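Participant: Just so it is clear, I am handing over input.cif, which has mmCIF, N, CA and C atoms.
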data_model
loop_
_atom_site.label_atom_id
_atom_site.label_comp_id
_atom_site.auth_asym_id
_atom_site.auth_seq_id
_atom_site.Cartn_x
_atom_site.Cartn_y
_atom_site.Cartn_z
N MET A 17 111.52 121.56 101.47
CA MET A 17 110.83 120.41 100.95
C MET A 17 109.90 120.83 99.81
N ILE A 18 108.88 121.64 100.09
CA ILE A 18 107.94 122.01 99.04
C ILE A 18 108.52 123.11 98.14
N GLN A 19 109.63 123.73 98.57
CA GLN A 19 110.25 124.76 97.76
C GLN A 19 110.95 124.18 96.55
N ARG A 20 111.28 122.93 96.60
CA ARG A 20 111.99 122.30 95.50
C ARG A 20 111.00 122.02 94.38
N ILE A 21 111.45 122.22 93.18
CA ILE A 21 110.58 122.10 92.02
C ILE A 21 110.12 120.65 91.81
N GLN A 22 110.97 119.68 92.17
CA GLN A 22 110.56 118.29 92.00
C GLN A 22 109.41 117.94 92.94
N SER A 23 109.35 118.57 94.09
CA SER A 23 108.22 118.35 94.99
C SER A 23 106.94 118.90 94.40
N LEU A 24 107.04 120.01 93.70
CA LEU A 24 105.86 120.57 93.04
C LEU A 24 105.39 119.68 91.89
N TYR A 25 106.34 119.12 91.14
CA TYR A 25 105.98 118.19 90.07
C TYR A 25 105.27 116.96 90.65
N MET A 26 105.81 116.43 91.73
CA MET A 26 105.20 115.24 92.33
C MET A 26 103.84 115.57 92.95
N LEU A 27 103.70 116.78 93.50
CA LEU A 27 102.41 117.21 94.03
C LEU A 27 101.38 117.31 92.90
N LEU A 28 101.80 117.81 91.75
CA LEU A 28 100.92 117.88 90.60
C LEU A 28 100.52 116.48 90.12
N LEU A 29 101.47 115.55 90.12
CA LEU A 29 101.16 114.16 89.77
C LEU A 29 100.19 113.55 90.77
N LEU A 30 100.37 113.86 92.04
CA LEU A 30 99.47 113.37 93.07
C LEU A 30 98.06 113.90 92.85
N LEU A 31 97.93 115.17 92.53
CA LEU A 31 96.62 115.76 92.28
C LEU A 31 95.96 115.15 91.05
N ILE A 32 96.72 114.90 90.00
CA ILE A 32 96.17 114.26 88.80
C ILE A 32 95.63 112.88 89.14
N ASN A 33 96.38 112.11 89.93
CA ASN A 33 95.92 110.77 90.30
C ASN A 33 94.70 110.82 91.21
N ILE A 34 94.65 111.78 92.11
CA ILE A 34 93.47 111.89 92.99
C ILE A 34 92.24 112.25 92.17
N ILE A 35 92.40 113.14 91.20
CA ILE A 35 91.27 113.48 90.33
C ILE A 35 90.83 112.26 89.53
N LEU A 36 91.79 111.50 89.03
CA LEU A 36 91.46 110.28 88.29
C LEU A 36 90.74 109.28 89.17
N ILE A 37 91.17 109.13 90.41
CA ILE A 37 90.51 108.22 91.35
C ILE A 37 89.08 108.66 91.59
N SER A 38 88.88 109.94 91.82
CA SER A 38 87.53 110.42 92.12
C SER A 38 86.60 110.29 90.92
N ILE A 39 87.13 110.47 89.71
CA ILE A 39 86.29 110.32 88.52
C ILE A 39 85.94 108.86 88.29
N ILE A 40 86.90 107.96 88.44
CA ILE A 40 86.63 106.55 88.18
C ILE A 40 85.77 105.93 89.27
N ASP A 41 86.02 106.29 90.53
CA ASP A 41 85.26 105.69 91.62
C ASP A 41 83.84 106.22 91.71
N SER A 42 83.61 107.44 91.25
CA SER A 42 82.25 107.96 91.26
C SER A 42 81.48 107.36 90.09
N ASN A 43 80.22 107.57 90.10
CA ASN A 43 79.38 107.01 89.04
C ASN A 43 79.16 108.02 87.92
N LEU A 44 80.23 108.64 87.48
CA LEU A 44 80.15 109.59 86.38
C LEU A 44 80.44 108.88 85.07
N SER A 45 79.64 107.88 84.75
CA SER A 45 79.92 107.10 83.55
C SER A 45 79.74 107.92 82.29
N SER A 46 78.96 108.99 82.35
CA SER A 46 78.82 109.83 81.16
C SER A 46 80.09 110.65 80.92
N PHE A 47 80.81 110.99 82.00
CA PHE A 47 82.03 111.77 81.84
C PHE A 47 83.20 110.92 81.38
N LEU A 48 83.32 109.73 81.91
CA LEU A 48 84.42 108.84 81.56
C LEU A 48 83.84 107.44 81.29
N PRO A 49 83.42 107.18 80.06
CA PRO A 49 82.82 105.87 79.75
C PRO A 49 83.77 104.71 80.02
N PHE A 50 83.20 103.53 80.08
CA PHE A 50 83.98 102.35 80.42
C PHE A 50 85.01 102.03 79.35
N SER A 51 84.79 102.47 78.12
CA SER A 51 85.73 102.16 77.05
C SER A 51 87.03 102.95 77.19
N TYR A 52 87.02 104.04 77.96
CA TYR A 52 88.25 104.81 78.13
C TYR A 52 89.24 104.02 78.95
N PHE A 53 90.48 104.15 78.68
CA PHE A 53 91.61 103.43 79.23
C PHE A 53 91.66 101.99 78.72
N GLY A 54 90.76 101.61 77.86
CA GLY A 54 90.80 100.31 77.20
C GLY A 54 90.93 99.15 78.16
N TYR A 55 91.85 98.25 77.83
CA TYR A 55 92.06 97.07 78.66
C TYR A 55 92.82 97.40 79.94
N PHE A 56 93.33 98.60 80.03
CA PHE A 56 94.02 99.02 81.25
C PHE A 56 93.03 99.42 82.34
N ARG A 57 91.77 99.59 82.00
CA ARG A 57 90.74 100.00 82.97
C ARG A 57 90.62 99.01 84.13
N ILE A 58 90.88 97.74 83.87
CA ILE A 58 90.82 96.72 84.92
C ILE A 58 91.84 97.02 86.01
N TYR A 59 93.04 97.44 85.61
CA TYR A 59 94.09 97.76 86.58
C TYR A 59 93.71 98.99 87.40
N LEU A 60 93.04 99.93 86.78
CA LEU A 60 92.63 101.14 87.50
C LEU A 60 91.56 100.86 88.54
N THR A 61 90.62 100.00 88.20
CA THR A 61 89.50 99.75 89.11
C THR A 61 89.75 98.59 90.07
N ASP A 62 90.24 97.47 89.57
CA ASP A 62 90.37 96.29 90.42
C ASP A 62 91.66 96.21 91.21
N TYR A 63 92.75 96.70 90.66
CA TYR A 63 94.05 96.56 91.31
C TYR A 63 94.55 97.85 91.96
N PHE A 64 93.72 98.86 92.01
CA PHE A 64 94.02 100.12 92.71
C PHE A 64 95.31 100.75 92.21
N PHE A 65 95.49 100.80 90.91
CA PHE A 65 96.70 101.34 90.29
C PHE A 65 96.90 102.81 90.68
N SER A 66 95.86 103.61 90.52
CA SER A 66 95.99 105.05 90.82
C SER A 66 96.20 105.30 92.29
N GLU A 67 95.58 104.49 93.13
CA GLU A 67 95.76 104.66 94.57
C GLU A 67 97.20 104.36 94.99
N VAL A 68 97.76 103.30 94.42
CA VAL A 68 99.14 102.94 94.74
C VAL A 68 100.09 104.02 94.25
N LEU A 69 99.85 104.53 93.05
CA LEU A 69 100.70 105.61 92.54
C LEU A 69 100.58 106.86 93.40
N SER A 70 99.37 107.16 93.87
CA SER A 70 99.19 108.33 94.72
C SER A 70 99.95 108.19 96.03
N ILE A 71 99.92 107.02 96.61
CA ILE A 71 100.67 106.78 97.85
C ILE A 71 102.18 106.91 97.60
N LEU A 72 102.64 106.35 96.47
CA LEU A 72 104.06 106.46 96.15
C LEU A 72 104.49 107.91 95.92
N PHE A 73 103.66 108.68 95.23
CA PHE A 73 103.99 110.10 95.02
C PHE A 73 103.99 110.86 96.34
N PHE A 74 103.03 110.56 97.19
CA PHE A 74 102.94 111.26 98.48
C PHE A 74 104.16 110.97 99.35
N THR A 75 104.55 109.70 99.43
CA THR A 75 105.74 109.37 100.23
C THR A 75 107.02 109.90 99.59
N ASN A 76 107.02 109.95 98.27
CA ASN A 76 108.20 110.43 97.56
C ASN A 76 108.42 111.93 97.78
N ILE A 77 107.36 112.67 98.02
CA ILE A 77 107.50 114.10 98.30
C ILE A 77 108.30 114.31 99.58
N PHE A 78 108.10 113.47 100.56
CA PHE A 78 108.75 113.63 101.85
C PHE A 78 110.12 112.96 101.93
N LEU A 79 110.56 112.36 100.87
CA LEU A 79 111.89 111.74 100.83
C LEU A 79 112.91 112.67 100.17
N PHE A 80 112.73 113.97 100.34
CA PHE A 80 113.59 114.93 99.64
C PHE A 80 115.04 114.86 100.10
N LYS A 81 115.30 114.34 101.29
CA LYS A 81 116.69 114.22 101.75
C LYS A 81 117.40 113.03 101.12
N TYR A 82 116.63 112.10 100.61
CA TYR A 82 117.18 110.87 100.02
C TYR A 82 116.90 110.88 98.52
N SER A 83 117.70 111.59 97.79
CA SER A 83 117.43 111.76 96.36
C SER A 83 117.60 110.45 95.58
N ASN A 84 118.50 109.59 96.01
CA ASN A 84 118.67 108.31 95.30
C ASN A 84 117.43 107.44 95.46
N VAL A 85 116.82 107.46 96.63
CA VAL A 85 115.59 106.70 96.85
C VAL A 85 114.46 107.29 96.01
N GLN A 86 114.42 108.62 95.95
CA GLN A 86 113.41 109.28 95.11
C GLN A 86 113.54 108.86 93.66
N VAL A 87 114.75 108.84 93.16
CA VAL A 87 114.98 108.47 91.76
C VAL A 87 114.57 107.02 91.53
N ASN A 88 114.88 106.13 92.44
CA ASN A 88 114.50 104.72 92.27
C ASN A 88 112.99 104.54 92.29
N ILE A 89 112.30 105.23 93.16
CA ILE A 89 110.85 105.14 93.20
C ILE A 89 110.26 105.71 91.91
N LEU A 90 110.80 106.81 91.44
CA LEU A 90 110.30 107.39 90.19
C LEU A 90 110.57 106.49 88.99
N ARG A 91 111.69 105.78 89.00
CA ARG A 91 111.95 104.82 87.92
C ARG A 91 110.91 103.70 87.93
N PHE A 92 110.58 103.22 89.12
CA PHE A 92 109.56 102.18 89.25
C PHE A 92 108.22 102.68 88.73
N ILE A 93 107.86 103.90 89.10
CA ILE A 93 106.59 104.47 88.64
C ILE A 93 106.60 104.67 87.13
N ALA A 94 107.74 105.11 86.58
CA ALA A 94 107.84 105.30 85.13
C ALA A 94 107.66 103.97 84.39
N VAL A 95 108.22 102.90 84.93
CA VAL A 95 108.05 101.59 84.31
C VAL A 95 106.58 101.17 84.35
N LEU A 96 105.91 101.43 85.48
CA LEU A 96 104.49 101.11 85.57
C LEU A 96 103.67 101.92 84.56
N LEU A 97 104.00 103.18 84.41
CA LEU A 97 103.26 104.01 83.46
C LEU A 97 103.55 103.61 82.01
N MET A 98 104.78 103.18 81.74
CA MET A 98 105.08 102.68 80.40
C MET A 98 104.31 101.40 80.12
N PHE A 99 104.20 100.55 81.13
CA PHE A 99 103.38 99.34 81.00
C PHE A 99 101.94 99.72 80.69
N GLY A 100 101.43 100.75 81.37
CA GLY A 100 100.07 101.21 81.10
C GLY A 100 99.91 101.74 79.70
N THR A 101 100.91 102.44 79.21
CA THR A 101 100.84 102.98 77.85
C THR A 101 100.86 101.85 76.82
N ILE A 102 101.70 100.87 77.04
CA ILE A 102 101.75 99.73 76.12
C ILE A 102 100.45 98.95 76.18
N ASN A 103 99.92 98.78 77.37
CA ASN A 103 98.67 98.05 77.53
C ASN A 103 97.49 98.80 76.92
N LEU A 104 97.60 100.11 76.83
CA LEU A 104 96.54 100.91 76.22
C LEU A 104 96.42 100.61 74.73
N PHE A 105 97.54 100.28 74.09
CA PHE A 105 97.53 99.98 72.66
C PHE A 105 97.37 98.49 72.37
N ASP A 106 97.39 97.66 73.40
CA ASP A 106 97.32 96.23 73.21
C ASP A 106 95.90 95.79 72.87
N GLU A 107 95.75 95.00 71.82
CA GLU A 107 94.50 94.38 71.39
C GLU A 107 93.39 95.38 71.12
N ARG A 108 93.76 96.57 70.70
CA ARG A 108 92.78 97.58 70.30
C ARG A 108 93.21 98.16 68.98
N HIS A 109 92.26 98.72 68.29
CA HIS A 109 92.60 99.43 67.07
C HIS A 109 93.41 100.67 67.45
N ILE A 110 94.43 100.97 66.69
CA ILE A 110 95.36 102.03 67.06
C ILE A 110 94.67 103.40 67.08
N LEU A 111 93.68 103.62 66.23
CA LEU A 111 92.98 104.90 66.24
C LEU A 111 92.13 105.06 67.49
N ASP A 112 91.56 103.96 67.98
CA ASP A 112 90.80 104.03 69.23
C ASP A 112 91.71 104.37 70.40
N SER A 113 92.93 103.86 70.36
CA SER A 113 93.87 104.15 71.43
C SER A 113 94.33 105.60 71.41
N PHE A 114 94.48 106.17 70.22
CA PHE A 114 94.90 107.57 70.14
C PHE A 114 93.78 108.53 70.53
N LYS A 115 92.54 108.12 70.38
CA LYS A 115 91.40 108.96 70.76
C LYS A 115 91.10 108.87 72.26
N ASP A 116 91.69 107.92 72.93
CA ASP A 116 91.42 107.67 74.35
C ASP A 116 92.08 108.75 75.21
N PRO A 117 91.34 109.37 76.14
CA PRO A 117 91.97 110.37 77.02
C PRO A 117 92.94 109.74 78.01
N GLY A 118 92.91 108.44 78.16
CA GLY A 118 93.88 107.76 79.01
C GLY A 118 95.30 107.94 78.50
N LEU A 119 95.46 108.06 77.20
CA LEU A 119 96.78 108.30 76.62
C LEU A 119 97.31 109.65 77.07
N LEU A 120 96.44 110.63 77.17
CA LEU A 120 96.84 111.95 77.66
C LEU A 120 97.32 111.86 79.11
N TYR A 121 96.63 111.06 79.92
CA TYR A 121 97.06 110.86 81.31
C TYR A 121 98.47 110.28 81.37
N PHE A 122 98.73 109.25 80.57
CA PHE A 122 100.04 108.62 80.59
C PHE A 122 101.13 109.55 80.07
N ILE A 123 100.83 110.31 79.03
CA ILE A 123 101.83 111.23 78.47
C ILE A 123 102.16 112.33 79.47
N ILE A 124 101.14 112.91 80.08
CA ILE A 124 101.38 113.98 81.07
C ILE A 124 102.15 113.44 82.25
N SER A 125 101.78 112.26 82.74
CA SER A 125 102.47 111.68 83.89
C SER A 125 103.93 111.38 83.58
N LEU A 126 104.18 110.79 82.43
CA LEU A 126 105.57 110.49 82.06
C LEU A 126 106.38 111.76 81.85
N PHE A 127 105.77 112.79 81.30
CA PHE A 127 106.47 114.07 81.13
C PHE A 127 106.82 114.69 82.48
N LEU A 128 105.88 114.66 83.42
CA LEU A 128 106.14 115.23 84.74
C LEU A 128 107.20 114.42 85.48
N ILE A 129 107.21 113.11 85.31
CA ILE A 129 108.26 112.29 85.93
C ILE A 129 109.61 112.61 85.31
N PHE A 130 109.65 112.81 84.00
CA PHE A 130 110.90 113.20 83.34
C PHE A 130 111.39 114.54 83.88
N MET A 131 110.50 115.50 84.06
CA MET A 131 110.89 116.81 84.60
C MET A 131 111.37 116.67 86.04
N THR A 132 110.76 115.78 86.79
CA THR A 132 111.20 115.53 88.16
C THR A 132 112.61 114.94 88.17
N PHE A 133 112.87 113.99 87.26
CA PHE A 133 114.22 113.43 87.13
C PHE A 133 115.24 114.53 86.87
N LYS A 134 114.92 115.40 85.93
CA LYS A 134 115.86 116.47 85.58
C LYS A 134 116.14 117.38 86.77
N SER A 135 115.12 117.73 87.53
CA SER A 135 115.34 118.63 88.66
C SER A 135 116.08 117.94 89.80
N ILE A 136 115.85 116.65 90.00
CA ILE A 136 116.59 115.92 91.03
C ILE A 136 118.06 115.81 90.63
N LYS A 137 118.33 115.53 89.37
CA LYS A 137 119.71 115.45 88.90
C LYS A 137 120.41 116.81 89.03
N LYS A 138 119.68 117.89 88.77
CA LYS A 138 120.26 119.22 88.92
C LYS A 138 120.61 119.48 90.39
N ASP A 139 119.72 119.08 91.30
CA ASP A 139 120.02 119.23 92.74
C ASP A 139 121.24 118.40 93.14
N GLN A 140 121.34 117.20 92.60
CA GLN A 140 122.48 116.35 92.93
C GLN A 140 123.79 116.96 92.44
N THR A 141 123.79 117.56 91.27
CA THR A 141 125.02 118.19 90.78
C THR A 141 125.39 119.41 91.62
N ILE A 142 124.40 120.15 92.07
CA ILE A 142 124.68 121.30 92.94
C ILE A 142 125.29 120.84 94.25
N ILE A 143 124.74 119.78 94.82
CA ILE A 143 125.25 119.25 96.09
C ILE A 143 126.66 118.72 95.90
N LYS A 144 126.92 118.04 94.79
CA LYS A 144 128.28 117.52 94.53
C LYS A 144 129.27 118.66 94.36
N SER A 145 128.86 119.72 93.71
CA SER A 145 129.78 120.85 93.53
C SER A 145 130.05 121.56 94.86
N LEU A 146 129.06 121.61 95.72
CA LEU A 146 129.26 122.21 97.03
C LEU A 146 130.17 121.36 97.89
N ASN A 147 130.07 120.05 97.76
CA ASN A 147 130.95 119.16 98.53
C ASN A 147 132.40 119.28 98.06
N ARG A 148 132.61 119.60 96.79
CA ARG A 148 133.96 119.78 96.29
C ARG A 148 134.61 121.04 96.87
N LEU A 149 133.79 122.04 97.14
CA LEU A 149 134.33 123.29 97.64
C LEU A 149 134.74 123.21 99.11
N ARG A 150 134.19 122.26 99.82
CA ARG A 150 134.51 122.15 101.25
C ARG A 150 135.87 121.64 101.51
#
Go ahead and render the structure in this file as structure tokens.
Facilitator:
Amino acid sequence: MIQRIQSLYMLLLLLINIILISIIDSNLSSFLPFSYFGYFRIYLTDYFFSEVLSILFFTNIFLFKYSNVQVNILRFIAVLLMFGTINLFDERHILDSFKDPGLLYFIISLFLIFMTFKSIKKDQTIIKSLNRLR
């Protein structure tokens, strides 16, 4: 389970979301001002976006036997993160959006999800090739 590289990627995504939750929920307004994440900040604080993603990543780690379910959950998460990226640029000046550290969060998360997709697909091809040999 944890030996698989996709589980490590998802664990890293889980840790990033937990750190984001702890920073936003604490009163460290000097570290992460309210202007960061732009209009997407409402989803992070009011709709528990990071908490839901953390739960999905945590459950997805333990679904290693069901790779198709893992891929579907990761697709759903990728769509949510793309929505967040688009919302980050919505109704803001584009330079303010590029200076926002929230963009770094979305880019890193989408990159790690892409790497997870690649490793799951590699596992699926290995399993298919082993089934052919039987």
Participant: Determine the residue membership of the PyMOL selection byres (((chain A and resi 99 and name CA) around 12) and name CA) for the file above and supply it as a PyMOL selection string.
Facilitator: chain A and resi 55-56+59+65+92-98+100-106+119+122+126
Participant: One decimal, Å: what's the distance from atom N of Phe127 in chain A over to CA of Leu90 in chain A, could you say?
Facilitator: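 Going from atom N of Phe127 in chain A over to CA of Leu90 in chain A covers 11.3 Å.
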Participant: Can you work out the spacing between atom C of Phe78 in chain A and atom C of Leu24 in chain A in Å, to one decimal?
Facilitator: 13.0 Å
Participant: Quick check, in Å to one decimal: how far apart do CA of Thr132 in chain A and CA of Ile21 in chain A lie?
Facilitator: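 Rounded to one decimal, the two atoms are 7.6 Å apart.
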Participant: Compare A:Phe133, A:Leu27, A:Ile142, A:Ile39 by their minimum atom-to-atom distance to Gln86 in chain A, counting only N, CA and C atoms, and give me the closest one.
Facilitator: A:Phe133
Participant: Could you give me, as a list in words, the residues within 8 Å of Leu29 in chain A, counting all atoms listed in the file and dropping anything in the same chain fewer than 6 positions from it?
Facilitator: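 With the cut-off at 8 Å, the set is Ser23, Ile35, Leu69, Ser70, Phe73, Phe74, Ile124, Ser125, Leu128 and Ile129 of chain A.
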Participant: Please write as a list in words the list of polymer residues whose atoms come within 12 Å of (112.1, 111.1, 98.9), counting only C-alpha atoms and keeping to the coordinates of the file.
Facilitator: Met17, Ile18, Arg20, Gln22, Ser23, Met26, Leu72, Phe73, Phe74, Thr75, Asn76, Ile77, Phe78, Leu79, Phe80, Lys81, Tyr82, Ser83, Asn84, Val85, Gln86, Val87, Asn88, Ile89, Leu90, Thr132 and Ile136 of chain A
Participant: Please produce a file of the residues just selected, as a PDB file, in the frame of the given file, where the atoms kept are N, CA and C atoms.
Facilitator:
ATOM      1  N   MET A  17     111.520 121.560 101.470  1.00  0.00           N
ATOM      2  CA  MET A  17     110.830 120.410 100.950  1.00  0.00           C
ATOM      3  C   MET A  17     109.900 120.830  99.810  1.00  0.00           C
ATOM      4  N   ILE A  18     108.880 121.640 100.090  1.00  0.00           N
ATOM      5  CA  ILE A  18     107.940 122.010  99.040  1.00  0.00           C
ATOM      6  C   ILE A  18     108.520 123.110  98.140  1.00  0.00           C
ATOM      7  N   ARG A  20     111.280 122.930  96.600  1.00  0.00           N
ATOM      8  CA  ARG A  20     111.990 122.300  95.500  1.00  0.00           C
ATOM      9  C   ARG A  20     111.000 122.020  94.380  1.00  0.00           C
ATOM     10  N   GLN A  22     110.970 119.680  92.170  1.00  0.00           N
ATOM     11  CA  GLN A  22     110.560 118.290  92.000  1.00  0.00           C
ATOM     12  C   GLN A  22     109.410 117.940  92.940  1.00  0.00           C
ATOM     13  N   SER A  23     109.350 118.570  94.090  1.00  0.00           N
ATOM     14  CA  SER A  23     108.220 118.350  94.990  1.00  0.00           C
ATOM     15  C   SER A  23     106.940 118.900  94.400  1.00  0.00           C
ATOM     16  N   MET A  26     105.810 116.430  91.730  1.00  0.00           N
ATOM     17  CA  MET A  26     105.200 115.240  92.330  1.00  0.00           C
ATOM     18  C   MET A  26     103.840 115.570  92.950  1.00  0.00           C
ATOM     19  N   LEU A  72     102.640 106.350  96.470  1.00  0.00           N
ATOM     20  CA  LEU A  72     104.060 106.460  96.150  1.00  0.00           C
ATOM     21  C   LEU A  72     104.490 107.910  95.920  1.00  0.00           C
ATOM     22  N   PHE A  73     103.660 108.680  95.230  1.00  0.00           N
ATOM     23  CA  PHE A  73     103.990 110.100  95.020  1.00  0.00           C
ATOM     24  C   PHE A  73     103.990 110.860  96.340  1.00  0.00           C
ATOM     25  N   PHE A  74     103.030 110.560  97.190  1.00  0.00           N
ATOM     26  CA  PHE A  74     102.940 111.260  98.480  1.00  0.00           C
ATOM     27  C   PHE A  74     104.160 110.970  99.350  1.00  0.00           C
ATOM     28  N   THR A  75     104.550 109.700  99.430  1.00  0.00           N
ATOM     29  CA  THR A  75     105.740 109.370 100.230  1.00  0.00           C
ATOM     30  C   THR A  75     107.020 109.900  99.590  1.00  0.00           C
ATOM     31  N   ASN A  76     107.020 109.950  98.270  1.00  0.00           N
ATOM     32  CA  ASN A  76     108.200 110.430  97.560  1.00  0.00           C
ATOM     33  C   ASN A  76     108.420 111.930  97.780  1.00  0.00           C
ATOM     34  N   ILE A  77     107.360 112.670  98.020  1.00  0.00           N
ATOM     35  CA  ILE A  77     107.500 114.100  98.300  1.00  0.00           C
ATOM     36  C   ILE A  77     108.300 114.310  99.580  1.00  0.00           C
ATOM     37  N   PHE A  78     108.100 113.470 100.560  1.00  0.00           N
ATOM     38  CA  PHE A  78     108.750 113.630 101.850  1.00  0.00           C
ATOM     39  C   PHE A  78     110.120 112.960 101.930  1.00  0.00           C
ATOM     40  N   LEU A  79     110.560 112.360 100.870  1.00  0.00           N
ATOM     41  CA  LEU A  79     111.890 111.740 100.830  1.00  0.00           C
ATOM     42  C   LEU A  79     112.910 112.670 100.170  1.00  0.00           C
ATOM     43  N   PHE A  80     112.730 113.970 100.340  1.00  0.00           N
ATOM     44  CA  PHE A  80     113.590 114.930  99.640  1.00  0.00           C
ATOM     45  C   PHE A  80     115.040 114.860 100.100  1.00  0.00           C
ATOM     46  N   LYS A  81     115.300 114.340 101.290  1.00  0.00           N
ATOM     47  CA  LYS A  81     116.690 114.220 101.750  1.00  0.00           C
ATOM     48  C   LYS A  81     117.400 113.030 101.120  1.00  0.00           C
ATOM     49  N   TYR A  82     116.630 112.100 100.610  1.00  0.00           N
ATOM     50  CA  TYR A  82     117.180 110.870 100.020  1.00  0.00           C
ATOM     51  C   TYR A  82     116.900 110.880  98.520  1.00  0.00           C
ATOM     52  N   SER A  83     117.700 111.590  97.790  1.00  0.00           N
ATOM     53  CA  SER A  83     117.430 111.760  96.360  1.00  0.00           C
ATOM     54  C   SER A  83     117.600 110.450  95.580  1.00  0.00           C
ATOM     55  N   ASN A  84     118.500 109.590  96.010  1.00  0.00           N
ATOM     56  CA  ASN A  84     118.670 108.310  95.300  1.00  0.00           C
ATOM     57  C   ASN A  84     117.430 107.440  95.460  1.00  0.00           C
ATOM     58  N   VAL A  85     116.820 107.460  96.630  1.00  0.00           N
ATOM     59  CA  VAL A  85     115.590 106.700  96.850  1.00  0.00           C
ATOM     60  C   VAL A  85     114.460 107.290  96.010  1.00  0.00           C
ATOM     61  N   GLN A  86     114.420 108.620  95.950  1.00  0.00           N
ATOM     62  CA  GLN A  86     113.410 109.280  95.110  1.00  0.00           C
ATOM     63  C   GLN A  86     113.540 108.860  93.660  1.00  0.00           C
ATOM     64  N   VAL A  87     114.750 108.840  93.160  1.00  0.00           N
ATOM     65  CA  VAL A  87     114.980 108.470  91.760  1.00  0.00           C
ATOM     66  C   VAL A  87     114.570 107.020  91.530  1.00  0.00           C
ATOM     67  N   ASN A  88     114.880 106.130  92.440  1.00  0.00           N
ATOM     68  CA  ASN A  88     114.500 104.720  92.270  1.00  0.00           C
ATOM     69  C   ASN A  88     112.990 104.540  92.290  1.00  0.00           C
ATOM     70  N   ILE A  89     112.300 105.230  93.160  1.00  0.00           N
ATOM     71  CA  ILE A  89     110.850 105.140  93.200  1.00  0.00           C
ATOM     72  C   ILE A  89     110.260 105.710  91.910  1.00  0.00           C
ATOM     73  N   LEU A  90     110.800 106.810  91.440  1.00  0.00           N
ATOM     74  CA  LEU A  90     110.300 107.390  90.190  1.00  0.00           C
ATOM     75  C   LEU A  90     110.570 106.490  88.990  1.00  0.00           C
ATOM     76  N   THR A 132     110.760 115.780  86.790  1.00  0.00           N
ATOM     77  CA  THR A 132     111.200 115.530  88.160  1.00  0.00           C
ATOM     78  C   THR A 132     112.610 114.940  88.170  1.00  0.00           C
ATOM     79  N   ILE A 136     115.850 116.650  90.000  1.00  0.00           N
ATOM     80  CA  ILE A 136     116.590 115.920  91.030  1.00  0.00           C
ATOM     81  C   ILE A 136     118.060 115.810  90.630  1.00  0.00           C
TER      82      ILE A 136
END
